[in-house]
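As provided, protein21.cif (mmCIF, C-alpha atoms) reads as follows.
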```cif
data_model
#
loop_
_atom_site.group_PDB
_atom_site.id
_atom_site.type_symbol
_atom_site.label_atom_id
_atom_site.label_comp_id
_atom_site.auth_asym_id
_atom_site.auth_seq_id
_atom_site.Cartn_x
_atom_site.Cartn_y
_atom_site.Cartn_z
ATOM 1 C CA MET A 255 71.358 193.538 19.909
ATOM 2 C CA SER A 256 72.966 192.743 16.575
ATOM 3 C CA ARG A 257 73.099 189.217 15.214
ATOM 4 C CA LEU A 258 76.892 189.228 15.396
ATOM 5 C CA ALA A 259 76.811 190.186 19.076
ATOM 6 C CA ALA A 260 74.222 187.491 19.793
ATOM 7 C CA ARG A 261 76.298 184.894 17.929
ATOM 8 C CA THR A 262 79.365 185.955 19.876
ATOM 9 C CA LEU A 263 77.529 185.701 23.183
ATOM 10 C CA ILE A 264 76.322 182.209 22.327
ATOM 11 C CA ALA A 265 79.884 181.245 21.318
ATOM 12 C CA VAL A 266 81.168 182.476 24.681
ATOM 13 C CA VAL A 267 78.787 180.000 26.341
ATOM 14 C CA PHE A 268 79.121 177.189 23.777
ATOM 15 C CA TRP A 269 82.881 176.618 23.648
ATOM 16 C CA PRO A 270 83.612 176.515 27.406
ATOM 17 C CA SER A 271 80.535 174.366 28.039
ATOM 18 C CA LEU A 272 81.531 171.994 25.248
ATOM 19 C CA PHE A 273 85.021 171.637 26.663
ATOM 20 C CA PHE A 274 84.230 171.474 30.368
ATOM 21 C CA PHE A 275 80.896 169.661 30.299
ATOM 22 C CA TRP A 276 81.404 167.263 27.417
ATOM 23 C CA PHE A 277 85.098 166.514 27.574
ATOM 24 C CA LEU A 278 85.922 166.822 31.292
ATOM 25 C CA GLY A 279 82.480 166.447 32.844
ATOM 26 C CA PRO A 280 81.962 162.719 32.231
ATOM 27 C CA PHE A 281 84.952 161.866 34.406
ATOM 28 C CA VAL A 282 83.810 164.068 37.279
ATOM 29 C CA PHE A 283 80.151 163.054 37.122
ATOM 30 C CA PHE A 284 80.964 159.373 36.814
ATOM 31 C CA LEU A 285 82.992 159.543 40.004
ATOM 32 C CA LEU A 286 80.243 161.466 41.800
ATOM 33 C CA SER A 287 77.226 159.518 40.559
ATOM 34 C CA THR A 288 78.230 155.896 41.075
ATOM 35 C CA THR A 289 78.424 154.170 44.405
ATOM 36 C CA SER A 290 81.896 154.265 45.840
ATOM 37 C CA SER A 291 83.854 151.006 46.081
ATOM 38 C CA GLU A 292 84.375 151.678 49.802
ATOM 39 C CA VAL A 293 80.604 151.733 50.314
ATOM 40 C CA CYS A 294 79.898 148.573 48.298
ATOM 41 C CA PRO A 295 81.135 146.039 50.904
ATOM 42 C CA LEU A 296 78.917 147.744 53.501
ATOM 43 C CA LEU A 297 75.777 147.203 51.424
ATOM 44 C CA GLU A 298 74.231 143.866 52.268
ATOM 45 C CA ARG A 299 70.551 144.093 51.317
ATOM 46 C CA ARG A 300 68.702 144.828 48.093
ATOM 47 C CA GLU A 301 67.098 147.924 49.627
ATOM 48 C CA GLN A 302 70.521 149.374 50.446
ATOM 49 C CA PHE A 303 71.673 148.964 46.854
ATOM 50 C CA LEU A 304 68.478 150.544 45.540
ATOM 51 C CA GLU A 305 68.863 153.449 47.957
ATOM 52 C CA ALA A 306 72.471 154.000 46.849
ATOM 53 C CA ALA A 307 71.527 153.818 43.158
ATOM 54 C CA ASN A 308 68.508 156.092 43.608
ATOM 55 C CA GLY A 309 70.771 158.566 45.417
ATOM 56 C CA ALA A 310 72.624 158.942 42.106
ATOM 57 C CA LEU A 311 69.497 160.118 40.249
ATOM 58 C CA PRO A 312 69.729 163.841 41.199
ATOM 59 C CA MET A 313 73.344 163.864 39.997
ATOM 60 C CA LEU A 314 72.285 162.250 36.706
ATOM 61 C CA VAL A 315 69.589 164.892 36.187
ATOM 62 C CA LEU A 316 72.070 167.704 36.911
ATOM 63 C CA GLN A 317 74.629 166.102 34.616
ATOM 64 C CA ASN A 318 72.195 165.871 31.713
ATOM 65 C CA LEU A 319 71.029 169.458 32.200
ATOM 66 C CA LEU A 320 74.634 170.648 32.020
ATOM 67 C CA TYR A 321 75.323 168.437 29.008
ATOM 68 C CA ALA A 322 72.377 170.064 27.231
ATOM 69 C CA VAL A 323 73.995 173.537 27.249
ATOM 70 C CA PRO A 324 75.941 173.079 23.952
ATOM 71 C CA ILE A 325 72.828 171.637 22.273
ATOM 72 C CA ILE A 326 70.771 174.614 23.482
ATOM 73 C CA CYS A 327 73.435 176.913 22.019
ATOM 74 C CA LEU A 328 73.113 175.147 18.655
ATOM 75 C CA VAL A 329 69.338 175.613 18.750
ATOM 76 C CA LEU A 330 69.768 179.316 19.534
ATOM 77 C CA TRP A 331 72.265 179.703 16.702
ATOM 78 C CA ILE A 332 69.925 178.048 14.219
ATOM 79 C CA ARG A 333 67.179 180.454 15.327
ATOM 80 C CA LEU A 334 69.501 183.400 14.665
ATOM 81 C CA LEU A 335 70.806 182.089 11.345
ATOM 82 C CA PRO A 336 68.171 179.867 9.742
ATOM 83 C CA ASP A 337 69.808 177.439 7.347
ATOM 84 C CA PRO A 338 67.957 174.258 6.305
ATOM 85 C CA ALA A 339 71.138 172.185 5.934
ATOM 86 C CA ARG A 340 72.430 173.185 9.358
ATOM 87 C CA ALA A 341 68.944 172.778 10.851
ATOM 88 C CA ARG A 342 68.899 169.121 9.763
ATOM 89 C CA HIS A 343 72.294 168.625 11.401
ATOM 90 C CA VAL A 344 71.092 170.303 14.607
ATOM 91 C CA VAL A 345 68.069 167.970 14.654
ATOM 92 C CA THR A 346 70.460 165.035 14.204
ATOM 93 C CA CYS A 347 72.518 166.368 17.138
ATOM 94 C CA ILE A 348 69.381 166.565 19.282
ATOM 95 C CA LYS A 349 68.416 162.971 18.430
ATOM 96 C CA LEU A 350 71.931 161.700 19.129
ATOM 97 C CA PHE A 351 72.012 163.683 22.361
ATOM 98 C CA ILE A 352 68.726 162.167 23.560
ATOM 99 C CA ALA A 353 69.980 158.671 22.763
ATOM 100 C CA ALA A 354 73.277 159.390 24.549
ATOM 101 C CA VAL A 355 71.437 160.725 27.607
ATOM 102 C CA VAL A 356 69.216 157.647 27.875
ATOM 103 C CA ILE A 357 72.078 155.208 27.399
ATOM 104 C CA GLY A 358 74.363 157.154 29.746
ATOM 105 C CA ALA A 359 71.702 157.298 32.465
ATOM 106 C CA LEU A 360 71.020 153.560 32.150
ATOM 107 C CA TRP A 361 74.714 152.822 32.322
ATOM 108 C CA GLU A 362 75.386 154.996 35.338
ATOM 109 C CA TYR A 363 72.272 153.859 37.177
ATOM 110 C CA GLY A 364 73.012 150.236 36.327
ATOM 111 C CA SER A 365 76.624 150.540 37.439
ATOM 112 C CA SER A 366 75.371 151.975 40.732
ATOM 113 C CA LEU A 367 73.154 148.927 41.153
ATOM 114 C CA ALA A 368 75.869 146.471 40.198
ATOM 115 C CA CYS A 369 78.290 148.290 42.505
ATOM 116 C CA ASP A 370 81.415 146.723 41.033
ATOM 117 C CA GLY A 371 79.994 143.216 41.293
ATOM 118 C CA TYR A 372 78.942 143.246 44.938
ATOM 119 C CA GLY A 373 75.265 143.704 44.115
ATOM 120 C CA GLN A 374 74.985 141.092 41.391
ATOM 121 C CA PRO A 375 73.237 138.422 43.490
ATOM 122 C CA PHE A 376 70.450 140.881 44.392
ATOM 123 C CA PHE A 377 69.451 142.003 40.912
ATOM 124 C CA SER A 378 68.449 140.671 37.547
ATOM 125 C CA PRO A 379 71.229 139.806 35.099
ATOM 126 C CA LEU A 380 69.769 142.590 32.952
ATOM 127 C CA TRP A 381 71.524 145.178 35.150
ATOM 128 C CA GLN A 382 74.802 143.334 34.608
ATOM 129 C CA MET A 383 74.324 143.922 30.877
ATOM 130 C CA THR A 384 74.716 147.659 31.471
ATOM 131 C CA SER A 385 78.450 147.066 31.459
ATOM 132 C CA TYR A 386 78.174 146.936 27.632
ATOM 133 C CA LEU A 387 76.456 150.303 27.362
ATOM 134 C CA PRO A 388 79.710 152.330 27.299
ATOM 135 C CA ILE A 389 80.496 150.750 23.935
ATOM 136 C CA ILE A 390 77.105 151.823 22.562
ATOM 137 C CA SER A 391 77.546 155.225 24.183
ATOM 138 C CA LEU A 392 80.904 155.642 22.482
ATOM 139 C CA VAL A 393 79.394 154.737 19.094
ATOM 140 C CA ILE A 394 76.766 157.461 19.615
ATOM 141 C CA ASN A 395 78.966 160.092 21.277
ATOM 142 C CA ILE A 396 81.778 160.183 18.721
ATOM 143 C CA PRO A 397 79.524 161.340 15.840
ATOM 144 C CA LEU A 398 77.656 163.612 18.269
ATOM 145 C CA TYR A 399 80.892 165.297 19.389
ATOM 146 C CA VAL A 400 82.195 165.668 15.841
ATOM 147 C CA LEU A 401 78.910 167.043 14.518
ATOM 148 C CA THR A 402 78.439 169.413 17.456
ATOM 149 C CA PHE A 403 82.024 170.656 17.195
ATOM 150 C CA SER A 404 81.735 171.255 13.446
ATOM 151 C CA LEU A 405 78.363 173.005 13.804
ATOM 152 C CA GLY A 406 79.741 175.154 16.629
ATOM 153 C CA ARG A 407 82.722 176.067 14.510
ATOM 154 C CA GLY A 408 80.468 176.930 11.572
ATOM 155 C CA PHE A 409 78.109 179.032 13.666
ATOM 156 C CA SER A 410 80.807 180.891 15.580
ATOM 157 C CA THR A 411 82.846 181.753 12.479
ATOM 158 C CA ARG A 412 82.005 185.054 10.854
ATOM 159 C CA ASP A 413 80.378 184.725 7.450
ATOM 160 C CA ASP A 414 81.965 187.879 6.077
ATOM 161 C CA ILE A 415 85.568 186.645 6.417
ATOM 162 C CA THR A 416 86.978 184.477 3.651
ATOM 163 C CA GLU A 417 89.603 181.798 4.115
ATOM 164 C CA ASP A 418 92.375 184.234 3.173
ATOM 165 C CA GLY A 419 91.319 186.564 6.028
ATOM 166 C CA VAL A 420 89.736 189.292 3.889
ATOM 167 C CA VAL A 421 86.634 190.911 5.404
ATOM 168 C CA HIS A 422 83.810 191.497 2.940
ATOM 169 C CA PRO A 423 81.078 193.984 3.874
ATOM 170 C CA ARG A 424 77.573 192.555 4.155
ATOM 171 C CA GLN A 425 75.322 193.253 1.205
ATOM 172 C CA ASP A 426 72.036 193.066 3.156
ATOM 173 C CA GLY A 427 72.624 196.228 5.188
ATOM 174 C CA PRO A 428 73.414 196.819 8.868
#
```

As structure tokens, please, write out the structure in this file.
Amino acid sequence: MSRLAARTLIAVVFWPSLFFFWFLGPFVFFLLSTTSSEVCPLLERREQFLEAANGALPMLVLQNLLYAVPIICLVLWIRLLPDPARARHVVTCIKLFIAAVVIGALWEYGSSLACDGYGQPFFSPLWQMTSYLPIISLVINIPLYVLTFSLGRGFSTRDDITEDGVVHPRQDGP
């Protein structure tokens, strides 16, 4: 398979996954992974809250696996087209992604425990502090999104086309 075909195939996976998983996915997964407000008044004991929060863990794992698809695409692209400058940016994306995953999981798990305030008497005030994690998550995710988008654009754009649209044949052979 040619490098151009491989790059195209990765782009076909990267762009839809970036849009659906990173831009639309957080809304869907947040609704699915946290304890519903209708369930919260029914939970009366600490064990019930823990069970509800722990029930969100498989959804968090699935969510983070799906979120990793664009990062995996970047890693595959950098393997196809080694470039030290882009490689450093991909490593930065991976580090930001790991930080975002940890903070996002803590936030979603903590919000499941807090259960919109109903569970606060049962748990340490530390779990109530998770309500501040979306701010930290936003500070991490904005540069991550911008960097991932720009790297994806750079990797999925053909190198042999100039800005004026002229195609230049490759000098290194087929």

Near-Leu398 of chain A list (8 Å; all atoms listed in the file; drop same-chain fewer than 6 positions) as a compact mmCIF listing (two decimals) with C-alpha atoms, in the frame of the given file:
```
# COMPACT_ATOMS: atom_id res chain seq x y z
CA CYS A 347 72.52 166.37 17.14
CA LEU A 350 71.93 161.70 19.13
CA PHE A 351 72.01 163.68 22.36
```

Six-sided padding of 4 Å per side, axis-aligned box over segment 272-278 of chain A, centre and edges in Å, one decimal, as JSON:
```
{"center_x": 83.4, "center_y": 169.3, "center_z": 28.3, "size_x": 13.0, "size_y": 13.5, "size_z": 14.0}
```

message = If the PyMOL selection byres ((chain A and resi 406) around 12) were run on this exact file, what residues would it hold? Put them as a PyMOL selection string.
response = chain A and resi 261-262+264-273+324-332+340+343-344+347+398-405+407-412

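Of the listed residues A:Val393, A:Phe303, A:Trp276, A:Thr384, the one whose atoms come nearest to Leu320 of chain A is A:Trp276, with distances taken using only C-alpha atoms.
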
key: Between atom CA of Ser365 of chain A and atom CA of Phe275 of chain A - distance in Å to one decimal   = 20.9 Å

remark   = If you count all atoms listed in the file, the residue of A:Leu387, A:Ala359, A:Ala260, A:Ile352 closest to Gln317 of chain A turns out to be A:Ala359

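Nearest residue to Gly358 of chain A, choosing from A:Leu319, A:Leu304, A:Leu258, A:Ile390 and counting only C-alpha atoms: A:Ile390.
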
Straight-line distance linking atom CA of Ile357 of chain A with atom CA of Pro397 of chain A, stated in Å to one decimal = 15.1 Å

query = Mind pulling up the distance from atom CA of Asn318 of chain A to atom CA of Glu305 of chain A?
reply = 20.7 Å

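Among the candidates A:Met313, A:Val345, A:Leu334, A:Ala306, the residue lying nearest to Ala259 of chain A is A:Leu334 (atoms considered: only C-alpha atoms).
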
query = Closest to Ile348 of chain A among A:Leu380, A:Ile394, A:Leu314, A:Ser385, using only C-alpha atoms?
reply = A:Ile394

key: For Pro388 of chain A, the nearest of the candidates A:Ala307, A:Pro336, A:Gln302, A:Ala354, counting only C-alpha atoms   = A:Ala354

Selection: 12 Å around Val315 of chain A, all atoms listed in the file, excl. self and same-chain fewer than 3 positions, as a PyMOL selection string = chain A and resi 283+287+308-312+318-322+355-356+358-359+362-363
